[in-house]
file coords19.pdb (PDB, C-alpha atoms)
ATOM      1  CA  MET K  25      -7.576   3.636  20.357
ATOM      2  CA  ASP K  26      -4.915   5.401  18.322
ATOM      3  CA  PHE K  27      -1.571   3.671  18.532
ATOM      4  CA  ILE K  28      -0.062   6.782  16.966
ATOM      5  CA  SER K  29      -1.860  10.054  16.419
ATOM      6  CA  LEU K  30      -1.700  12.184  13.304
ATOM      7  CA  GLU K  31       0.006  14.901  15.339
ATOM      8  CA  GLN K  32       2.652  12.495  16.663
ATOM      9  CA  LEU K  33       3.298  11.269  13.130
ATOM     10  CA  ARG K  34       3.480  14.850  11.821
ATOM     11  CA  LYS K  35       6.050  15.793  14.462
ATOM     12  CA  TYR K  36       8.143  12.704  13.780
ATOM     13  CA  ALA K  37       8.023  13.307  10.015
ATOM     14  CA  LEU K  38       9.055  16.941  10.527
ATOM     15  CA  GLN K  39      11.975  15.849  12.699
ATOM     16  CA  GLU K  40      13.128  13.267  10.144
ATOM     17  CA  SER K  41      12.380  15.351   7.031
ATOM     18  CA  TYR K  42      15.833  16.962   7.025
ATOM     19  CA  SER K  43      17.602  13.659   6.501
ATOM     20  CA  ASN K  44      15.155  11.573   4.461
ATOM     21  CA  ASN K  45      13.092  12.403   1.379
ATOM     22  CA  SER K  46      10.317   9.913   2.279
ATOM     23  CA  TRP K  47       9.764  11.639   5.608
ATOM     24  CA  ARG K  48       9.891  15.037   3.877
ATOM     25  CA  ASN K  49       7.114  13.893   1.535
ATOM     26  CA  LEU K  50       5.074  12.556   4.446
ATOM     27  CA  GLU K  51       5.477  15.809   6.371
ATOM     28  CA  TYR K  52       4.366  17.777   3.297
ATOM     29  CA  PHE K  53       1.433  15.386   2.790
ATOM     30  CA  ILE K  54       0.180  15.829   6.367
ATOM     31  CA  GLU K  55       0.627  19.614   6.270
ATOM     32  CA  GLU K  56      -1.313  19.861   2.983
ATOM     33  CA  LEU K  57      -4.167  17.795   4.413
ATOM     34  CA  LEU K  58      -4.334  19.923   7.546
ATOM     35  CA  GLU K  59      -4.099  23.254   5.703
ATOM     36  CA  SER K  60      -6.721  22.244   3.112
ATOM     37  CA  GLY K  61      -9.372  21.746   5.820
ATOM     38  CA  ILE K  62     -10.156  18.226   4.569
ATOM     39  CA  LEU K  63      -9.475  16.822   8.034
ATOM     40  CA  ASP K  64     -11.398  19.471   9.997
ATOM     41  CA  ASP K  65     -14.199  17.083  11.008
ATOM     42  CA  ILE K  66     -11.866  14.218  11.904
ATOM     43  CA  ASN K  67     -11.133  15.352  15.460
ATOM     44  CA  HIS K  68     -14.804  15.933  16.245
ATOM     45  CA  LYS K  69     -16.388  12.728  14.990
ATOM     46  CA  GLY K  70     -14.565   9.907  16.761
ATOM     47  CA  TYR K  71     -12.345   8.731  13.937
ATOM     48  CA  MET K  72      -9.597   6.180  14.502
ATOM     49  CA  PHE K  73      -6.322   6.965  12.735
ATOM     50  CA  TYR K  74      -4.602   4.148  10.821
ATOM     51  CA  PRO K  75      -1.380   4.928   8.920
ATOM     52  CA  LYS K  76      -1.075   2.139   6.362
ATOM     53  CA  TYR K  77       2.479   1.149   5.327
ATOM     54  CA  LEU K  78       4.116   3.219   8.053
ATOM     55  CA  TRP K  79       7.775   2.250   8.494
ATOM     56  CA  GLN K  80       7.853   0.479   5.108
ATOM     57  CA  GLU K  81      10.223   2.210   2.713
ATOM     58  CA  ASN K  82       8.940   0.403  -0.396
ATOM     59  CA  ASN K  83       5.369   1.709  -0.014
ATOM     60  CA  GLU K  84       3.891   5.188   0.184
ATOM     61  CA  VAL K  85       2.089   5.831   3.465
ATOM     62  CA  GLU K  86      -1.690   5.926   3.222
ATOM     63  CA  LEU K  87      -3.453   7.839   5.989
ATOM     64  CA  ILE K  88      -6.809   6.285   6.863
ATOM     65  CA  PHE K  89      -9.422   7.625   9.266
ATOM     66  CA  ILE K  90     -12.183   5.220  10.329
ATOM     67  CA  SER K  91     -15.417   6.024  12.135
ATOM     68  CA  LYS K  92     -18.632   4.119  12.683
ATOM     69  CA  GLU K  93     -20.061   5.821   9.577
ATOM     70  CA  SER K  94     -17.203   6.146   7.093
ATOM     71  CA  ILE K  95     -13.616   5.559   6.018
ATOM     72  CA  LEU K  96     -11.556   8.478   4.763
ATOM     73  CA  SER K  97      -8.478   7.376   2.838
ATOM     74  CA  CYS K  98      -5.734   9.856   1.913
ATOM     75  CA  ILE K  99      -2.930   8.912  -0.479
ATOM     76  CA  TYR K 100       0.096  10.929  -1.587
ATOM     77  CA  ASN K 101       1.667   9.944  -4.895
ATOM     78  CA  ASP K 102       4.124  11.907  -7.036
ATOM     79  CA  GLY K 103       3.240  15.253  -5.490
ATOM     80  CA  TYR K 104      -0.538  14.794  -5.661
ATOM     81  CA  ILE K 105      -2.999  13.950  -2.924
ATOM     82  CA  THR K 106      -6.055  11.754  -3.452
ATOM     83  CA  VAL K 107      -8.789  11.655  -0.816
ATOM     84  CA  LYS K 108     -11.560   9.071  -0.930
ATOM     85  CA  LYS K 109     -14.461   8.776   1.489
ATOM     86  CA  ARG K 110     -16.483   5.574   1.660
ATOM     87  CA  MET K 111     -19.653   5.261   3.684
ATOM     88  CA  LEU K 112     -19.853   2.088   5.753
ATOM     89  CA  ARG K 113     -23.518   1.665   4.865
ATOM     90  CA  GLU K 114     -22.149   0.557   1.453
ATOM     91  CA  LEU K 115     -20.418  -2.450   3.053
ATOM     92  CA  VAL K 116     -21.642  -5.881   2.036
ATOM     93  CA  ARG K 117     -19.083  -7.948   3.927
ATOM     94  CA  VAL K 118     -16.552  -7.613   6.727
ATOM     95  CA  GLU K 119     -14.068 -10.464   6.919
ATOM     96  CA  ILE K 120     -11.283 -11.372   9.350
ATOM     97  CA  SER K 121      -8.739 -13.831   7.968
ATOM     98  CA  GLN K 122      -5.192 -15.068   8.520
ATOM     99  CA  MET K 123      -5.586 -14.495  12.267
ATOM    100  CA  ASN K 124      -2.836 -15.952  14.432
ATOM    101  CA  LEU K 125      -2.429 -14.645  17.959
ATOM    102  CA  ASN K 126       1.056 -16.110  18.418
ATOM    103  CA  ASN K 127       2.641 -14.080  15.648
ATOM    104  CA  SER K 128       0.236 -11.095  15.756
ATOM    105  CA  GLN K 129      -1.047 -11.790  12.264
ATOM    106  CA  VAL K 130      -4.490 -10.657  11.112
ATOM    107  CA  GLU K 131      -6.141  -9.344   7.978
ATOM    108  CA  LEU K 132      -9.404  -7.400   7.878
ATOM    109  CA  SER K 133     -11.169  -7.013   4.534
ATOM    110  CA  LEU K 134     -14.027  -4.615   3.956
ATOM    111  CA  ILE K 135     -15.928  -5.369   0.766
ATOM    112  CA  PHE K 136     -18.238  -2.695  -0.640
ATOM    113  CA  LYS K 137     -21.307  -2.964  -2.896
ATOM    114  CA  ASP K 138     -19.297  -1.935  -5.967
ATOM    115  CA  GLY K 139     -16.777  -4.732  -5.324
ATOM    116  CA  GLU K 140     -14.052  -2.404  -4.072
ATOM    117  CA  LYS K 141     -12.046  -3.668  -1.096
ATOM    118  CA  GLU K 142     -10.226  -1.980   1.742
ATOM    119  CA  VAL K 143      -7.711  -4.323   3.384
ATOM    120  CA  PHE K 144      -5.977  -3.845   6.724
ATOM    121  CA  ASN K 145      -3.138  -6.251   7.477
ATOM    122  CA  SER K 146      -0.831  -6.424  10.486
ATOM    123  CA  ASN K 147       2.012  -6.610   7.950
ATOM    124  CA  ASN K 148       1.185  -3.016   6.912
ATOM    125  CA  SER K 149       4.167  -1.946   9.005
ATOM    126  CA  ASN K 150       7.480  -3.332  10.185
ATOM    127  CA  GLN K 151       8.036  -6.179  12.665
ATOM    128  CA  ALA K 152       8.486  -3.812  15.626
ATOM    129  CA  TRP K 153       4.992  -2.357  15.098
ATOM    130  CA  LYS K 154       3.220  -5.561  14.051
ATOM    131  CA  ARG K 155       1.556  -6.152  17.451
ATOM    132  CA  LYS K 156       0.264  -2.567  17.524
ATOM    133  CA  TYR K 157      -1.214  -3.000  14.047
ATOM    134  CA  PHE K 158      -2.733  -6.336  15.065
ATOM    135  CA  THR K 159      -4.476  -4.670  18.016
ATOM    136  CA  ALA K 160      -5.565  -1.672  15.930
ATOM    137  CA  ILE K 161      -7.102  -3.910  13.262
ATOM    138  CA  LEU K 162      -9.131  -5.774  15.878
ATOM    139  CA  GLU K 163     -10.298  -2.391  17.233
ATOM    140  CA  ILE K 164     -11.392  -1.372  13.735
ATOM    141  CA  TYR K 165     -13.325  -4.624  13.424
ATOM    142  CA  LYS K 166     -15.079  -4.018  16.754
ATOM    143  CA  MET K 167     -15.928  -0.465  15.716
ATOM    144  CA  ILE K 168     -17.547  -1.304  12.385
ATOM    145  CA  ALA K 169     -18.818  -4.880  12.642
TER
END
call {"tool": "encode", "arguments": {"input": "coords19.pdb", "output": "structure tokens"}}
result
Amino acid sequence: MDFISLEQLRKYALQESYSNNSWRNLEYFIEELLESGILDDINHKGYMFYPKYLWQENNEVELIFISKESILSCIYNDGYITVKKRMLRELVRVEISQMNLNNSQVELSLIFKDGEKEVFNSNNSNQAWKRKYFTAILEIYKMIA
């Protein structure tokens, strides 16, 4: 279940890129990922798209693609793109915490063998999108746990 697709986000960023530098950077980021071919397998392997920090001006958006086998994390920072792929077979723990249905709060932590953590939190967006992030995080949990 994608609550927003990469294509929808790309179109919105393109539309907003003329008036806002953050959206211009995001549009460039998405275009570079698509043109590089890094995301070629994403559409064919059942990945769920999770844009971390979307709608938060103080954080750079991180584009995350989750499947039953792996997590592909793409970060844009100061004109450079970093792509990291983690295999879920390296997971040692999956943890849900801070769950509260009334205020759509949840945090999902994935802890890997090397101690590295990937954290998904319903506060990774603004208040208007919090419920969508809450639902998406529970979908991620169901997919990988």
call {"tool": "closest_residue", "arguments": {"input": "coords19.pdb", "among": "K:Ile99, K:Ile168, K:Ile105, K:Leu38", "to": "K:Leu132", "atoms": "all atoms listed in the file"}}
result
K:Ile168
call {"tool": "residues_around", "arguments": {"input": "coords19.pdb", "residues": "K:Gln129", "least_positions_apart": "5", "cutoff": "7 Å", "atoms": "only C-alpha atoms", "output": "list in words"}}
result
Gln122, Met123, Asn124, Ser146 and Phe158 of chain K
call {"tool": "write_last_selection", "arguments": {"input": "coords19.pdb", "atoms": "C-alpha atoms", "output": "PDB file, keeping the file's coordinate frame"}}
result
ATOM      1  CA  GLN K 122      -5.192 -15.068   8.520  1.00  0.00           C
ATOM      2  CA  MET K 123      -5.586 -14.495  12.267  1.00  0.00           C
ATOM      3  CA  ASN K 124      -2.836 -15.952  14.432  1.00  0.00           C
ATOM      4  CA  SER K 146      -0.831  -6.424  10.486  1.00  0.00           C
ATOM      5  CA  PHE K 158      -2.733  -6.336  15.065  1.00  0.00           C
TER       6      PHE K 158
END
call {"tool": "atom_distance", "arguments": {"input": "coords19.pdb", "atom1": "atom CA of K:Asp65", "atom2": "atom CA of K:Glu51"}}
result
20.3 Å
call {"tool": "atom_distance", "arguments": {"input": "coords19.pdb", "atom1": "atom CA of K:Ser41", "atom2": "atom CA of K:Phe53"}}
result
11.7 Å
call {"tool": "resolve_selection", "arguments": {"input": "coords19.pdb", "expression": "the PyMOL selection byres ((chain K and resi 134) around 10)", "output": "ChimeraX atom specification"}}
result
/K:112,114-120,132-133,135-136,139-144,165,168-169
call {"tool": "closest_residue", "arguments": {"input": "coords19.pdb", "among": "K:Leu63, K:Ser121, K:Ser46, K:Lys137", "to": "K:Asn101", "atoms": "only C-alpha atoms"}}
result
K:Ser46
call {"tool": "resolve_selection", "arguments": {"input": "coords19.pdb", "expression": "the PyMOL selection byres ((chain K and resi 33-35) around 10)", "output": "PyMOL selection string"}}
result
chain K and resi 28-32+36-41+47+50-55+75+78
call {"tool": "atom_distance", "arguments": {"input": "coords19.pdb", "atom1": "atom CA of K:Asn147", "atom2": "atom CA of K:Phe73"}}
result
16.6 Å
call {"tool": "resolve_selection", "arguments": {"input": "coords19.pdb", "expression": "the PyMOL selection byres ((chain K and resi 98) around 6)", "output": "PyMOL selection string"}}
result
chain K and resi 86-87+97+99+106-107
call {"tool": "residues_around", "arguments": {"input": "coords19.pdb", "residues": "K:Ile95", "least_positions_apart": "6", "cutoff": "7 Å", "atoms": "all atoms listed in the file", "output": "ChimeraX atom specification"}}
result
/K:88-89,109-111
call {"tool": "closest_residue", "arguments": {"input": "coords19.pdb", "among": "K:Arg48, K:Lys92, K:Lys156, K:Lys166", "to": "K:Phe27", "atoms": "all atoms listed in the file"}}
result
K:Lys156
call {"tool": "closest_residue", "arguments": {"input": "coords19.pdb", "among": "K:Lys76, K:Lys108, K:Arg155, K:Arg113", "to": "K:Ser128", "atoms": "only C-alpha atoms"}}
result
K:Arg155
call {"tool": "axis_aligned_box", "arguments": {"input": "coords19.pdb", "around": "stretch 70-89 of chain K", "padding_each_side": "6 Å", "output": "lines of an AutoDock Vina configuration file"}}
result
center_x = -2.2
center_y = 5.2
center_z = 8.2
size_x = 36.8
size_y = 21.5
size_z = 29.2
call {"tool": "residues_around", "arguments": {"input": "coords19.pdb", "residues": "K:Met72", "least_positions_apart": "6", "cutoff": "9 Å", "atoms": "only C-alpha atoms", "output": "PyMOL selection string"}}
result
chain K and resi 25-26+29+66+88-91+160+164
call {"tool": "decode", "arguments": {"input": "coords19.pdb", "residues": "stretch 27-169 of chain K", "atoms": "C-alpha atoms", "output": "mmCIF file, in the first residue's frame"}}
result
data_model
loop_
_atom_site.group_PDB
_atom_site.id
_atom_site.type_symbol
_atom_site.label_atom_id
_atom_site.label_comp_id
_atom_site.auth_asym_id
_atom_site.auth_seq_id
_atom_site.Cartn_x
_atom_site.Cartn_y
_atom_site.Cartn_z
ATOM 1 C CA PHE K 27 0.108 6.263 0.393
ATOM 2 C CA ILE K 28 2.001 8.312 -2.181
ATOM 3 C CA SER K 29 3.870 6.920 -5.149
ATOM 4 C CA LEU K 30 7.288 8.009 -6.332
ATOM 5 C CA GLU K 31 5.688 9.295 -9.530
ATOM 6 C CA GLN K 32 3.111 11.357 -7.621
ATOM 7 C CA LEU K 33 5.877 12.817 -5.472
ATOM 8 C CA ARG K 34 8.010 13.549 -8.551
ATOM 9 C CA LYS K 35 5.141 15.403 -10.223
ATOM 10 C CA TYR K 36 4.381 17.408 -7.095
ATOM 11 C CA ALA K 37 8.060 18.301 -6.628
ATOM 12 C CA LEU K 38 8.298 19.386 -10.275
ATOM 13 C CA GLN K 39 5.218 21.574 -9.867
ATOM 14 C CA GLU K 40 6.578 23.188 -6.693
ATOM 15 C CA SER K 41 10.221 23.398 -7.822
ATOM 16 C CA TYR K 42 9.749 26.827 -9.413
ATOM 17 C CA SER K 43 8.870 28.465 -6.118
ATOM 18 C CA ASN K 44 10.840 26.505 -3.516
ATOM 19 C CA ASN K 45 14.465 25.362 -3.431
ATOM 20 C CA SER K 46 13.691 22.301 -1.251
ATOM 21 C CA TRP K 47 11.226 21.015 -3.826
ATOM 22 C CA ARG K 48 13.714 21.791 -6.611
ATOM 23 C CA ASN K 49 16.307 19.649 -4.825
ATOM 24 C CA LEU K 50 13.791 16.849 -4.322
ATOM 25 C CA GLU K 51 12.785 16.940 -7.986
ATOM 26 C CA TYR K 52 16.457 16.782 -9.009
ATOM 27 C CA PHE K 53 17.056 13.938 -6.532
ATOM 28 C CA ILE K 54 14.197 11.834 -7.934
ATOM 29 C CA GLU K 55 15.195 12.522 -11.549
ATOM 30 C CA GLU K 56 18.817 11.515 -10.848
ATOM 31 C CA LEU K 57 17.689 8.267 -9.222
ATOM 32 C CA LEU K 58 15.411 7.428 -12.134
ATOM 33 C CA GLU K 59 17.957 8.335 -14.825
ATOM 34 C CA SER K 60 20.776 6.413 -13.102
ATOM 35 C CA GLY K 61 18.837 3.128 -13.339
ATOM 36 C CA ILE K 62 19.248 2.480 -9.600
ATOM 37 C CA LEU K 63 15.481 2.156 -9.222
ATOM 38 C CA ASP K 64 14.891 -0.042 -12.286
ATOM 39 C CA ASP K 65 14.051 -3.150 -10.235
ATOM 40 C CA ILE K 66 11.827 -1.307 -7.763
ATOM 41 C CA ASN K 67 8.649 -1.449 -9.849
ATOM 42 C CA HIS K 68 9.052 -5.155 -10.576
ATOM 43 C CA LYS K 69 9.765 -6.555 -7.128
ATOM 44 C CA GLY K 70 6.879 -5.427 -4.934
ATOM 45 C CA TYR K 71 8.586 -2.630 -3.050
ATOM 46 C CA MET K 72 6.644 -0.282 -0.792
ATOM 47 C CA PHE K 73 7.623 3.380 -1.100
ATOM 48 C CA TYR K 74 8.176 5.359 2.115
ATOM 49 C CA PRO K 75 9.293 9.004 1.850
ATOM 50 C CA LYS K 76 10.824 9.787 5.235
ATOM 51 C CA TYR K 77 10.572 13.421 6.426
ATOM 52 C CA LEU K 78 8.177 14.422 3.659
ATOM 53 C CA TRP K 79 6.537 17.778 4.419
ATOM 54 C CA GLN K 80 9.170 18.618 7.059
ATOM 55 C CA GLU K 81 11.227 21.627 6.030
ATOM 56 C CA ASN K 82 13.955 21.082 8.645
ATOM 57 C CA ASN K 83 14.901 17.621 7.332
ATOM 58 C CA GLU K 84 16.052 16.357 3.955
ATOM 59 C CA VAL K 85 13.667 13.812 2.451
ATOM 60 C CA GLU K 86 14.919 10.237 2.477
ATOM 61 C CA LEU K 87 13.344 7.941 -0.105
ATOM 62 C CA ILE K 88 13.003 4.384 1.189
ATOM 63 C CA PHE K 89 11.834 1.327 -0.730
ATOM 64 C CA ILE K 90 10.930 -1.757 1.322
ATOM 65 C CA SER K 91 10.333 -5.292 0.091
ATOM 66 C CA LYS K 92 10.161 -8.651 1.812
ATOM 67 C CA GLU K 93 13.876 -9.122 1.058
ATOM 68 C CA SER K 94 15.505 -5.706 1.397
ATOM 69 C CA ILE K 95 15.391 -2.006 2.212
ATOM 70 C CA LEU K 96 16.798 0.483 -0.271
ATOM 71 C CA SER K 97 17.465 3.880 1.281
ATOM 72 C CA CYS K 98 18.267 6.916 -0.882
ATOM 73 C CA ILE K 99 19.482 10.179 0.652
ATOM 74 C CA TYR K 100 20.252 13.506 -1.018
ATOM 75 C CA ASN K 101 22.631 15.814 0.825
ATOM 76 C CA ASP K 102 24.493 18.856 -0.500
ATOM 77 C CA GLY K 103 24.203 17.809 -4.131
ATOM 78 C CA TYR K 104 25.237 14.183 -3.592
ATOM 79 C CA ILE K 105 23.128 11.052 -3.508
ATOM 80 C CA THR K 106 23.831 8.107 -1.212
ATOM 81 C CA VAL K 107 22.089 4.784 -1.812
ATOM 82 C CA LYS K 108 22.228 1.984 0.739
ATOM 83 C CA LYS K 109 20.678 -1.455 0.389
ATOM 84 C CA ARG K 110 20.187 -3.645 3.445
ATOM 85 C CA MET K 111 19.069 -7.243 3.226
ATOM 86 C CA LEU K 112 16.348 -8.164 5.703
ATOM 87 C CA ARG K 113 18.025 -11.494 6.404
ATOM 88 C CA GLU K 114 20.520 -9.361 8.397
ATOM 89 C CA LEU K 115 17.766 -8.289 10.819
ATOM 90 C CA VAL K 116 18.102 -9.418 14.413
ATOM 91 C CA ARG K 117 15.114 -7.564 15.840
ATOM 92 C CA VAL K 118 11.943 -5.826 14.708
ATOM 93 C CA GLU K 119 10.334 -3.655 17.360
ATOM 94 C CA ILE K 120 7.101 -1.653 17.521
ATOM 95 C CA SER K 121 7.040 1.006 20.233
ATOM 96 C CA GLN K 122 5.254 4.208 21.221
ATOM 97 C CA MET K 123 2.046 2.897 19.636
ATOM 98 C CA ASN K 124 -1.080 4.901 20.398
ATOM 99 C CA LEU K 125 -4.097 4.463 18.158
ATOM 100 C CA ASN K 126 -5.843 7.615 19.392
ATOM 101 C CA ASN K 127 -3.149 9.982 18.190
ATOM 102 C CA SER K 128 -1.803 7.818 15.324
ATOM 103 C CA GLN K 129 1.580 7.439 16.977
ATOM 104 C CA VAL K 130 3.865 4.486 16.255
ATOM 105 C CA GLU K 131 7.558 3.784 15.884
ATOM 106 C CA LEU K 132 9.042 0.782 14.089
ATOM 107 C CA SER K 133 12.709 -0.033 14.668
ATOM 108 C CA LEU K 134 14.651 -2.493 12.562
ATOM 109 C CA ILE K 135 17.902 -3.548 14.198
ATOM 110 C CA PHE K 136 20.540 -5.249 12.050
ATOM 111 C CA LYS K 137 23.368 -7.643 12.975
ATOM 112 C CA ASP K 138 25.956 -4.849 12.812
ATOM 113 C CA GLY K 139 23.935 -2.757 15.288
ATOM 114 C CA GLU K 140 22.686 -0.310 12.667
ATOM 115 C CA LYS K 141 19.058 0.779 13.029
ATOM 116 C CA GLU K 142 16.407 1.905 10.596
ATOM 117 C CA VAL K 143 13.586 3.762 12.357
ATOM 118 C CA PHE K 144 10.166 4.602 10.948
ATOM 119 C CA ASN K 145 8.065 6.997 13.013
ATOM 120 C CA SER K 146 4.622 8.435 12.313
ATOM 121 C CA ASN K 147 6.166 11.820 13.158
ATOM 122 C CA ASN K 148 8.320 11.509 10.005
ATOM 123 C CA SER K 149 5.883 13.910 8.357
ATOM 124 C CA ASN K 150 3.538 16.716 9.316
ATOM 125 C CA GLN K 151 0.323 16.437 11.356
ATOM 126 C CA ALA K 152 -1.895 16.252 8.254
ATOM 127 C CA TRP K 153 -0.086 13.108 7.049
ATOM 128 C CA LYS K 154 0.485 11.474 10.441
ATOM 129 C CA ARG K 155 -2.382 8.956 10.088
ATOM 130 C CA LYS K 156 -1.135 7.911 6.641
ATOM 131 C CA TYR K 157 2.357 7.356 8.042
ATOM 132 C CA PHE K 158 0.912 5.424 10.983
ATOM 133 C CA THR K 159 -0.906 3.085 8.587
ATOM 134 C CA ALA K 160 2.126 2.757 6.301
ATOM 135 C CA ILE K 161 4.396 1.826 9.211
ATOM 136 C CA LEU K 162 2.007 -0.920 10.303
ATOM 137 C CA GLU K 163 1.979 -2.187 6.692
ATOM 138 C CA ILE K 164 5.782 -2.277 6.699
ATOM 139 C CA TYR K 165 5.701 -4.260 9.935
ATOM 140 C CA LYS K 166 3.248 -6.773 8.452
ATOM 141 C CA MET K 167 5.396 -7.107 5.338
ATOM 142 C CA ILE K 168 8.680 -7.859 7.090
ATOM 143 C CA ALA K 169 7.810 -9.370 10.471
#
